[in-house]
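Enquirer: So here's work_8.csv, just CSV, N, CA and C atoms:
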```csv
chain,number,residue,atom,x,y,z
A,171,MET,N,59.1,-26.1,-45.0
A,171,MET,CA,58.2,-25.7,-46.0
A,171,MET,C,56.8,-25.5,-45.4
A,172,GLU,N,56.0,-24.6,-45.9
A,172,GLU,CA,54.7,-24.3,-45.5
A,172,GLU,C,53.7,-24.3,-46.6
A,173,ALA,N,52.4,-24.6,-46.3
A,173,ALA,CA,51.4,-24.6,-47.3
A,173,ALA,C,50.1,-24.1,-46.7
A,174,ARG,N,49.2,-23.5,-47.5
A,174,ARG,CA,47.9,-23.2,-47.1
A,174,ARG,C,47.1,-24.4,-46.7
A,175,LEU,N,46.3,-24.3,-45.6
A,175,LEU,CA,45.5,-25.4,-45.1
A,175,LEU,C,44.6,-26.0,-46.2
A,176,ASP,N,43.8,-25.1,-46.8
A,176,ASP,CA,42.8,-25.7,-47.8
A,176,ASP,C,43.5,-26.4,-49.0
A,177,LYS,N,44.7,-25.8,-49.4
A,177,LYS,CA,45.4,-26.5,-50.5
A,177,LYS,C,46.0,-27.8,-50.0
A,178,TRP,N,46.5,-27.8,-48.8
A,178,TRP,CA,47.1,-29.1,-48.3
A,178,TRP,C,46.0,-30.2,-48.2
A,179,LEU,N,44.8,-29.8,-47.7
A,179,LEU,CA,43.7,-30.8,-47.5
A,179,LEU,C,43.3,-31.3,-48.9
A,180,TRP,N,43.3,-30.5,-49.9
A,180,TRP,CA,43.0,-30.9,-51.3
A,180,TRP,C,44.1,-31.8,-51.8
A,181,ALA,N,45.4,-31.3,-51.7
A,181,ALA,CA,46.5,-32.0,-52.3
A,181,ALA,C,46.8,-33.4,-51.6
A,182,ALA,N,46.4,-33.5,-50.3
A,182,ALA,CA,46.6,-34.7,-49.6
A,182,ALA,C,45.4,-35.7,-49.8
A,183,ARG,N,44.5,-35.3,-50.6
A,183,ARG,CA,43.3,-36.1,-51.0
A,183,ARG,C,42.3,-36.3,-49.8
A,184,ILE,N,42.3,-35.4,-48.9
A,184,ILE,CA,41.4,-35.6,-47.7
A,184,ILE,C,40.0,-35.0,-48.2
A,185,TYR,N,40.0,-34.0,-49.0
A,185,TYR,CA,38.8,-33.5,-49.6
A,185,TYR,C,38.9,-33.5,-51.1
A,186,LYS,N,37.8,-33.7,-51.8
A,186,LYS,CA,37.8,-33.9,-53.3
A,186,LYS,C,38.2,-32.6,-54.0
A,187,THR,N,37.7,-31.5,-53.5
A,187,THR,CA,38.0,-30.2,-54.1
A,187,THR,C,38.5,-29.2,-53.1
A,188,ARG,N,39.2,-28.2,-53.6
A,188,ARG,CA,39.7,-27.2,-52.7
A,188,ARG,C,38.5,-26.4,-52.1
A,189,THR,N,37.5,-26.2,-52.8
A,189,THR,CA,36.3,-25.5,-52.3
A,189,THR,C,35.7,-26.3,-51.2
A,190,LEU,N,35.6,-27.6,-51.2
A,190,LEU,CA,35.1,-28.4,-50.1
A,190,LEU,C,36.0,-28.2,-48.9
A,191,ALA,N,37.3,-28.2,-49.1
A,191,ALA,CA,38.2,-28.1,-48.0
A,191,ALA,C,38.1,-26.7,-47.4
A,192,ALA,N,37.9,-25.6,-48.2
A,192,ALA,CA,37.8,-24.3,-47.7
A,192,ALA,C,36.5,-24.2,-46.9
A,193,ASP,N,35.4,-24.7,-47.4
A,193,ASP,CA,34.1,-24.7,-46.7
A,193,ASP,C,34.2,-25.4,-45.4
A,194,ALA,N,34.9,-26.5,-45.3
A,194,ALA,CA,35.0,-27.3,-44.1
A,194,ALA,C,35.8,-26.4,-43.0
A,195,CYS,N,36.8,-25.7,-43.5
A,195,CYS,CA,37.5,-24.8,-42.6
A,195,CYS,C,36.6,-23.7,-42.1
A,196,LYS,N,35.9,-23.1,-43.0
A,196,LYS,CA,35.0,-22.0,-42.6
A,196,LYS,C,33.9,-22.4,-41.6
A,197,ASN,N,33.5,-23.6,-41.8
A,197,ASN,CA,32.4,-24.1,-40.9
A,197,ASN,C,32.9,-24.7,-39.6
A,198,GLY,N,34.2,-24.6,-39.3
A,198,GLY,CA,34.8,-25.1,-38.1
A,198,GLY,C,35.0,-26.6,-38.0
A,199,ARG,N,35.1,-27.3,-39.1
A,199,ARG,CA,35.3,-28.7,-39.1
A,199,ARG,C,36.7,-29.1,-39.1
A,200,VAL,N,37.6,-28.2,-39.2
A,200,VAL,CA,39.1,-28.5,-39.3
A,200,VAL,C,39.8,-27.7,-38.3
A,201,SER,N,40.7,-28.4,-37.6
A,201,SER,CA,41.6,-27.7,-36.6
A,201,SER,C,43.0,-28.1,-36.7
A,202,ILE,N,43.9,-27.3,-36.3
A,202,ILE,CA,45.3,-27.6,-36.4
A,202,ILE,C,45.8,-27.5,-34.9
A,203,ASN,N,46.4,-28.5,-34.4
A,203,ASN,CA,46.9,-28.6,-33.1
A,203,ASN,C,45.9,-28.2,-32.0
A,204,GLY,N,44.6,-28.5,-32.3
A,204,GLY,CA,43.6,-28.3,-31.3
A,204,GLY,C,42.9,-26.9,-31.5
A,205,ALA,N,43.3,-26.1,-32.4
A,205,ALA,CA,42.7,-24.7,-32.6
A,205,ALA,C,42.0,-24.7,-33.9
A,206,GLN,N,40.9,-24.0,-33.9
A,206,GLN,CA,40.1,-23.9,-35.2
A,206,GLN,C,41.0,-23.2,-36.2
A,207,ALA,N,40.9,-23.6,-37.4
A,207,ALA,CA,41.7,-23.0,-38.5
A,207,ALA,C,41.0,-22.5,-39.7
A,208,LYS,N,41.4,-21.3,-40.2
A,208,LYS,CA,40.8,-20.8,-41.4
A,208,LYS,C,41.5,-21.4,-42.6
A,209,PRO,N,40.9,-21.3,-43.8
A,209,PRO,CA,41.5,-21.9,-45.0
A,209,PRO,C,42.9,-21.3,-45.3
A,210,SER,N,43.2,-20.1,-44.9
A,210,SER,CA,44.5,-19.5,-45.3
A,210,SER,C,45.6,-19.8,-44.2
A,211,ARG,N,45.3,-20.5,-43.2
A,211,ARG,CA,46.2,-20.9,-42.2
A,211,ARG,C,47.3,-21.7,-42.8
A,212,THR,N,48.6,-21.5,-42.4
A,212,THR,CA,49.7,-22.3,-42.9
A,212,THR,C,49.9,-23.6,-42.1
A,213,VAL,N,50.2,-24.6,-42.9
A,213,VAL,CA,50.5,-25.9,-42.3
A,213,VAL,C,51.9,-26.2,-42.5
A,214,LYS,N,52.6,-26.7,-41.4
A,214,LYS,CA,54.0,-27.1,-41.6
A,214,LYS,C,54.2,-28.5,-41.0
A,215,GLU,N,55.4,-29.0,-41.3
A,215,GLU,CA,55.7,-30.4,-40.9
A,215,GLU,C,55.5,-30.5,-39.4
A,216,GLY,N,54.9,-31.7,-38.9
A,216,GLY,CA,54.8,-31.9,-37.5
A,216,GLY,C,53.4,-31.5,-36.9
A,217,ASP,N,52.7,-30.7,-37.7
A,217,ASP,CA,51.3,-30.2,-37.2
A,217,ASP,C,50.4,-31.4,-37.2
A,218,GLU,N,49.4,-31.4,-36.3
A,218,GLU,CA,48.3,-32.4,-36.2
A,218,GLU,C,47.1,-31.7,-36.7
A,219,VAL,N,46.5,-32.2,-37.8
A,219,VAL,CA,45.3,-31.7,-38.4
A,219,VAL,C,44.2,-32.6,-38.1
A,220,THR,N,43.1,-32.1,-37.5
A,220,THR,CA,41.9,-32.9,-37.2
A,220,THR,C,40.8,-32.4,-38.1
A,221,VAL,N,40.2,-33.4,-38.8
A,221,VAL,CA,39.1,-33.1,-39.7
A,221,VAL,C,37.9,-33.9,-39.2
A,222,ARG,N,36.8,-33.2,-39.0
A,222,ARG,CA,35.5,-33.8,-38.6
A,222,ARG,C,34.6,-34.1,-39.8
A,223,LYS,N,34.5,-35.3,-40.1
A,223,LYS,CA,33.5,-35.8,-41.1
A,223,LYS,C,32.6,-36.7,-40.3
A,224,ALA,N,31.4,-36.2,-40.1
A,224,ALA,CA,30.5,-37.0,-39.2
A,224,ALA,C,30.4,-38.4,-39.6
A,225,PRO,N,30.4,-39.3,-38.7
A,225,PRO,CA,30.5,-39.2,-37.2
A,225,PRO,C,32.0,-39.3,-36.7
A,226,VAL,N,33.0,-39.3,-37.6
A,226,VAL,CA,34.3,-39.5,-37.2
A,226,VAL,C,35.2,-38.3,-37.2
A,227,ASN,N,36.1,-38.2,-36.2
A,227,ASN,CA,37.1,-37.1,-36.2
A,227,ASN,C,38.4,-37.8,-36.7
A,228,TYR,N,38.9,-37.5,-37.9
A,228,TYR,CA,40.1,-38.0,-38.4
A,228,TYR,C,41.2,-37.1,-38.0
A,229,THR,N,42.4,-37.7,-37.6
A,229,THR,CA,43.6,-36.9,-37.2
A,229,THR,C,44.7,-37.4,-38.0
A,230,PHE,N,45.4,-36.4,-38.5
A,230,PHE,CA,46.6,-36.6,-39.4
A,230,PHE,C,47.8,-35.8,-38.9
A,231,ARG,N,49.0,-36.4,-39.0
A,231,ARG,CA,50.2,-35.7,-38.6
A,231,ARG,C,50.9,-35.4,-40.0
A,232,VAL,N,51.2,-34.1,-40.2
A,232,VAL,CA,51.7,-33.6,-41.5
A,232,VAL,C,53.2,-34.0,-41.5
A,233,LYS,N,53.6,-34.8,-42.6
A,233,LYS,CA,55.0,-35.1,-42.8
A,233,LYS,C,55.6,-34.2,-43.8
A,234,GLN,N,54.8,-33.7,-44.8
A,234,GLN,CA,55.3,-32.8,-45.8
A,234,GLN,C,54.2,-31.8,-46.2
A,235,ALA,N,54.5,-30.6,-46.2
A,235,ALA,CA,53.5,-29.5,-46.6
A,235,ALA,C,53.6,-29.3,-48.1
A,236,ILE,N,52.5,-29.7,-48.8
A,236,ILE,CA,52.5,-29.6,-50.2
A,236,ILE,C,51.3,-28.8,-50.7
A,237,GLU,N,51.4,-28.2,-51.8
A,237,GLU,CA,50.2,-27.5,-52.4
A,237,GLU,C,49.8,-28.0,-53.7
A,238,ASN,N,50.6,-29.0,-54.3
A,238,ASN,CA,50.2,-29.6,-55.6
A,238,ASN,C,49.7,-31.0,-55.3
A,239,ARG,N,48.6,-31.4,-55.9
A,239,ARG,CA,48.1,-32.7,-55.7
A,239,ARG,C,49.0,-33.8,-56.2
A,240,VAL,N,49.1,-34.9,-55.4
A,240,VAL,CA,50.0,-36.0,-55.7
A,240,VAL,C,49.1,-37.3,-55.9
A,241,GLY,N,49.7,-38.3,-56.4
A,241,GLY,CA,49.1,-39.6,-56.6
A,241,GLY,C,48.8,-40.3,-55.3
A,242,ALA,N,47.8,-41.1,-55.2
A,242,ALA,CA,47.4,-41.8,-54.0
A,242,ALA,C,48.5,-42.7,-53.4
A,243,LYS,N,49.4,-43.2,-54.3
A,243,LYS,CA,50.5,-44.0,-53.8
A,243,LYS,C,51.5,-43.2,-53.0
A,244,LEU,N,51.6,-41.9,-53.2
A,244,LEU,CA,52.5,-41.1,-52.5
A,244,LEU,C,52.0,-40.5,-51.2
A,245,LEU,N,50.8,-40.8,-50.8
A,245,LEU,CA,50.2,-40.3,-49.6
A,245,LEU,C,50.9,-40.6,-48.3
A,246,PRO,N,51.5,-41.8,-48.1
A,246,PRO,CA,52.2,-42.1,-46.9
A,246,PRO,C,53.4,-41.2,-46.7
A,247,ASP,N,53.9,-40.5,-47.7
A,247,ASP,CA,55.0,-39.6,-47.6
A,247,ASP,C,54.5,-38.2,-47.2
A,248,ILE,N,53.2,-37.9,-47.4
A,248,ILE,CA,52.6,-36.6,-47.1
A,248,ILE,C,52.1,-36.5,-45.7
A,249,TYR,N,51.4,-37.5,-45.2
A,249,TYR,CA,50.8,-37.5,-43.8
A,249,TYR,C,50.8,-38.9,-43.2
A,250,GLU,N,50.6,-38.9,-41.9
A,250,GLU,CA,50.5,-40.1,-41.1
A,250,GLU,C,49.1,-40.1,-40.5
A,251,ASN,N,48.3,-41.1,-40.7
A,251,ASN,CA,47.0,-41.2,-40.2
A,251,ASN,C,47.1,-41.7,-38.7
A,252,ILE,N,46.8,-40.8,-37.7
A,252,ILE,CA,46.9,-41.2,-36.3
A,252,ILE,C,45.5,-41.1,-35.7
A,253,THR,N,44.5,-41.4,-36.5
A,253,THR,CA,43.1,-41.5,-36.0
A,253,THR,C,42.9,-42.6,-35.0
A,254,ALA,N,42.3,-42.4,-33.9
A,254,ALA,CA,42.1,-43.4,-32.8
A,254,ALA,C,41.2,-44.5,-33.4
A,255,PRO,N,41.5,-45.8,-33.0
A,255,PRO,CA,40.6,-46.9,-33.4
A,255,PRO,C,39.2,-46.8,-33.0
A,256,GLU,N,38.9,-46.1,-31.9
A,256,GLU,CA,37.5,-45.9,-31.4
A,256,GLU,C,36.7,-45.1,-32.4
A,257,GLU,N,37.4,-44.2,-33.1
A,257,GLU,CA,36.7,-43.4,-34.2
A,257,GLU,C,36.2,-44.3,-35.3
A,258,TYR,N,37.0,-45.3,-35.7
A,258,TYR,CA,36.6,-46.2,-36.8
A,258,TYR,C,35.5,-47.1,-36.3
A,259,ALA,N,35.5,-47.4,-35.0
A,259,ALA,CA,34.4,-48.3,-34.5
A,259,ALA,C,33.1,-47.5,-34.6
A,260,LEU,N,33.1,-46.2,-34.3
A,260,LEU,CA,31.9,-45.3,-34.5
A,260,LEU,C,31.5,-45.4,-36.0
A,261,LEU,N,32.4,-45.3,-36.9
A,261,LEU,CA,32.1,-45.3,-38.3
A,261,LEU,C,31.4,-46.6,-38.7
A,262,GLU,N,31.9,-47.7,-38.2
A,262,GLU,CA,31.3,-49.1,-38.4
A,262,GLU,C,29.9,-49.2,-37.9
A,263,MET,N,29.7,-48.6,-36.7
A,263,MET,CA,28.4,-48.6,-36.1
A,263,MET,C,27.4,-47.8,-36.9
A,264,SER,N,27.8,-46.7,-37.4
A,264,SER,CA,26.9,-45.9,-38.2
A,264,SER,C,26.6,-46.6,-39.6
A,265,ARG,N,27.6,-47.4,-40.1
A,265,ARG,CA,27.3,-48.1,-41.3
A,265,ARG,C,26.3,-49.2,-41.1
A,266,ILE,N,26.4,-49.9,-39.9
A,266,ILE,CA,25.5,-51.0,-39.6
A,266,ILE,C,24.1,-50.4,-39.5
A,267,SER,N,23.9,-49.3,-38.7
A,267,SER,CA,22.6,-48.8,-38.5
A,267,SER,C,22.3,-47.6,-39.3
A,268,GLY,N,22.9,-47.5,-40.5
A,268,GLY,CA,22.7,-46.4,-41.4
A,268,GLY,C,21.3,-46.1,-41.9
A,269,PHE,N,20.5,-47.2,-41.9
A,269,PHE,CA,19.1,-47.0,-42.5
A,269,PHE,C,18.2,-46.2,-41.5
A,270,VAL,N,18.6,-46.0,-40.3
A,270,VAL,CA,17.8,-45.3,-39.3
A,270,VAL,C,17.7,-43.8,-39.7
A,271,ASP,N,18.8,-43.2,-40.0
A,271,ASP,CA,18.8,-41.8,-40.4
A,271,ASP,C,18.9,-41.7,-41.9
A,272,ARG,N,17.8,-41.2,-42.5
A,272,ARG,CA,17.8,-41.1,-44.0
A,272,ARG,C,18.3,-39.7,-44.4
A,273,ALA,N,19.0,-39.6,-45.4
A,273,ALA,CA,19.5,-38.3,-45.9
A,273,ALA,C,18.3,-37.6,-46.5
A,274,ARG,N,18.4,-36.3,-46.2
A,274,ARG,CA,17.3,-35.4,-46.7
A,274,ARG,C,17.2,-35.4,-48.2
A,275,GLY,N,16.0,-35.6,-48.7
A,275,GLY,CA,15.8,-35.6,-50.2
A,275,GLY,C,15.9,-36.9,-50.8
A,276,THR,N,16.0,-38.0,-50.0
A,276,THR,CA,16.1,-39.3,-50.7
A,276,THR,C,14.8,-40.0,-50.8
A,277,GLY,N,13.7,-39.3,-50.4
A,277,GLY,CA,12.4,-39.8,-50.7
A,277,GLY,C,12.0,-40.7,-49.5
A,278,ARG,N,10.8,-41.3,-49.8
A,278,ARG,CA,10.3,-42.2,-48.8
A,278,ARG,C,11.0,-43.6,-48.8
A,279,PRO,N,11.0,-44.2,-47.6
A,279,PRO,CA,11.7,-45.6,-47.6
A,279,PRO,C,10.9,-46.6,-48.4
A,280,THR,N,11.6,-47.5,-49.0
A,280,THR,CA,11.0,-48.6,-49.7
A,280,THR,C,10.3,-49.5,-48.7
A,281,LYS,N,9.5,-50.4,-49.1
A,281,LYS,CA,8.8,-51.4,-48.2
A,281,LYS,C,9.8,-52.2,-47.4
A,282,LYS,N,10.8,-52.6,-48.1
A,282,LYS,CA,11.9,-53.4,-47.4
A,282,LYS,C,12.6,-52.6,-46.3
A,283,GLU,N,12.9,-51.3,-46.7
A,283,GLU,CA,13.6,-50.5,-45.7
A,283,GLU,C,12.6,-50.2,-44.5
A,284,ARG,N,11.4,-50.0,-44.8
A,284,ARG,CA,10.4,-49.7,-43.8
A,284,ARG,C,10.2,-50.8,-42.8
A,285,ARG,N,10.2,-52.1,-43.3
A,285,ARG,CA,10.1,-53.2,-42.4
A,285,ARG,C,11.3,-53.4,-41.6
A,286,ALA,N,12.5,-53.1,-42.2
A,286,ALA,CA,13.8,-53.2,-41.4
A,286,ALA,C,13.8,-52.1,-40.3
A,287,LEU,N,13.3,-51.0,-40.7
A,287,LEU,CA,13.3,-49.9,-39.7
A,287,LEU,C,12.3,-50.2,-38.6
A,288,ASP,N,11.2,-50.7,-38.9
A,288,ASP,CA,10.2,-51.1,-37.8
A,288,ASP,C,10.8,-52.2,-36.9
A,289,ASN,N,11.4,-53.2,-37.5
A,289,ASN,CA,12.0,-54.3,-36.7
A,289,ASN,C,13.1,-53.7,-35.8
A,290,PHE,N,13.9,-52.8,-36.3
A,290,PHE,CA,15.0,-52.3,-35.5
A,290,PHE,C,14.4,-51.4,-34.4
A,291,MET,N,13.4,-50.6,-34.7
A,291,MET,CA,12.8,-49.8,-33.6
A,291,MET,C,12.1,-50.6,-32.6
A,292,ASP,N,11.4,-51.7,-33.0
A,292,ASP,CA,10.8,-52.6,-32.0
A,292,ASP,C,11.8,-53.3,-31.1
A,293,ASP,N,12.9,-53.7,-31.7
A,293,ASP,CA,13.9,-54.4,-30.9
A,293,ASP,C,14.6,-53.5,-29.9
A,294,SER,N,14.8,-52.2,-30.4
A,294,SER,CA,15.5,-51.3,-29.5
A,294,SER,C,14.6,-50.7,-28.4
A,295,ALA,N,13.3,-50.6,-28.7
A,295,ALA,CA,12.4,-50.1,-27.7
A,295,ALA,C,12.1,-51.1,-26.6
A,296,MET,N,12.1,-52.4,-26.9
A,296,MET,CA,11.7,-53.4,-25.9
A,296,MET,C,13.0,-53.8,-25.2
A,297,PRO,N,12.9,-53.8,-23.9
A,297,PRO,CA,14.1,-54.3,-23.1
A,297,PRO,C,14.1,-55.8,-23.2
A,298,ASN,N,15.3,-56.3,-23.1
A,298,ASN,CA,15.5,-57.8,-23.2
A,298,ASN,C,15.2,-58.4,-21.8
A,299,VAL,N,14.0,-58.3,-21.4
A,299,VAL,CA,13.6,-58.9,-20.1
A,299,VAL,C,12.4,-59.8,-20.3
A,300,PHE,N,12.5,-61.0,-19.7
A,300,PHE,CA,11.4,-62.0,-19.8
A,300,PHE,C,10.5,-61.9,-18.7
A,301,TYR,N,9.2,-61.7,-18.9
A,301,TYR,CA,8.1,-61.6,-17.9
A,301,TYR,C,7.3,-62.8,-17.9
A,302,PRO,N,7.4,-63.7,-17.0
A,302,PRO,CA,6.6,-64.9,-17.0
A,302,PRO,C,5.1,-64.6,-16.7
A,303,ASP,N,4.2,-65.4,-17.2
A,303,ASP,CA,2.8,-65.2,-17.0
A,303,ASP,C,2.4,-65.4,-15.6
```
Here is the file; what I need is its structure written in the form of structure tokens.

Expert:
Amino acid sequence: MEARLDKWLWAARIYKTRTLAADACKNGRVSINGAQAKPSRTVKEGDEVTVRKAPVNYTFRVKQAIENRVGAKLLPDIYENITAPEEYALLEMSRISGFVDRARGTGRPTKKERRALDNFMDDSAMPNVFYPD
């Protein structure tokens, strides 16, 4: 069985809407078996789909090509998550230091965020070397 890539990404709950899935394909964030894929590309069982959601590259092995959305409990029958553990370590690092990069349009940092940012930048700018007097 085969399915359109954008429909499969939506049905497998990797993207919230089919439009978001199609936009990700058009912008080059989705590949099948290492090759860039358009939204209309067909997905079949055994394909490896790589989805780049910054900062992580998620990799899924297709078990079943579907076009209708299924419940979250049925997802293990649809795909196998084969994302490398190093990618999840990247995600954790970005969560820890997430206050450094502010999303555009979120306004100015609060006083607490500003102090945390200053402390972080001071600690990272100074090498951990002791200079005796």

Enquirer: Could you work out how far atom CA of A:Ala235 lies from atom CA of A:Lys177, giving the answer in Å with one decimal?

Expert: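 Distance reported for this atom pair: 9.5 Å.
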
Enquirer: Excluding A:Ile252 and any residue of its chain fewer than 3 positions from it, enumerate the residues within 6 Å of it, using only N, CA and C atoms, and give them as a PyMOL selection string.

Expert: chain A and resi 229-231

Enquirer: Which value, in Å to one decimal, gives the distance between atom N of A:Glu237 and atom C of A:Ala224?

Expert: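 For atom N of A:Glu237 relative to atom C of A:Ala224, the distance reads 26.3 Å.
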
Enquirer: Measuring between only C-alpha atoms, which one of A:Ala194, A:Val232, A:Val240, A:Ile202 shows the shortest distance to A:Ala181?

Expert: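 Distance minimum relative to A:Ala181 lands on A:Val240.
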
Enquirer: Write out as a count of residues only the residues lying within 9 Å of A:Asn227, counting only C-alpha atoms and excluding same-chain residues fewer than 4 positions away.

Expert: 7

Enquirer: If you measure from atom N of A:Ala192 to atom N of A:Glu218, what distance in Å do you get, rounded to one decimal?

Expert: 17.5 Å

Enquirer: Compare A:Pro225, A:Thr276, A:Pro246, A:Arg239 by their minimum atom-to-atom distance to A:Leu260, counting only N, CA and C atoms, and give me the closest one.

Expert: A:Pro225

Enquirer: Under the rule that only C-alpha atoms are counted, which of A:Ala173, A:Val226, A:Ala259, A:Ala182 is the nearest residue to A:Gly241?

Expert: A:Ala182

Enquirer: A:Ala207: which residues within 7 Å, counting all atoms listed in the file, same-chain residues fewer than 3 positions away excluded, as a list of chain:residue names?

Expert: A:Cys195, A:Lys196, A:Gly198, A:Val200, A:Ser201, A:Ile202, A:Ser210, A:Arg211

Enquirer: Write out as a VMD selection string all residues of stretch 194-264 of chain A that backbone DSSP assigns to strand (DSSP E or B).

Expert: chain A and resid 200 to 202 205 to 206 212 to 214 218 to 223 226 to 232 249 to 251

Enquirer: Could you check which of A:Asp193, A:Leu287, A:Ile236, A:Asn203 is closest to A:Leu179, using only N, CA and C atoms?

Expert: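 Selected residue with least distance to A:Leu179: A:Ile236.
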
Enquirer: List every protein, DNA or RNA residue that has at least one atom no more than 6 Å from (43.8, -21.4, -46.1) in the file's coordinates, counting only C-alpha atoms, and write the result as a PyMOL selection string.

Expert: chain A and resi 174-176+208-211

Enquirer: Based on DSSP run over this structure's backbone, return all residues of stretch 178-285 of chain A in alpha helix (DSSP H), as a count of residues only.

Expert: 34

Enquirer: Pick the closest to A:Tyr228 from A:Gln206, A:Asn251, A:Ser264, A:Thr212: which is it, counting all atoms listed in the file?

Expert: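 Smallest separation from A:Tyr228 among the options: A:Asn251.
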
Enquirer: Closest to A:Val219 among A:Arg285, A:Arg278, A:Arg199, A:Arg265, using only C-alpha atoms?

Expert: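 Using only C-alpha atoms, A:Val219 sits closest to A:Arg199.
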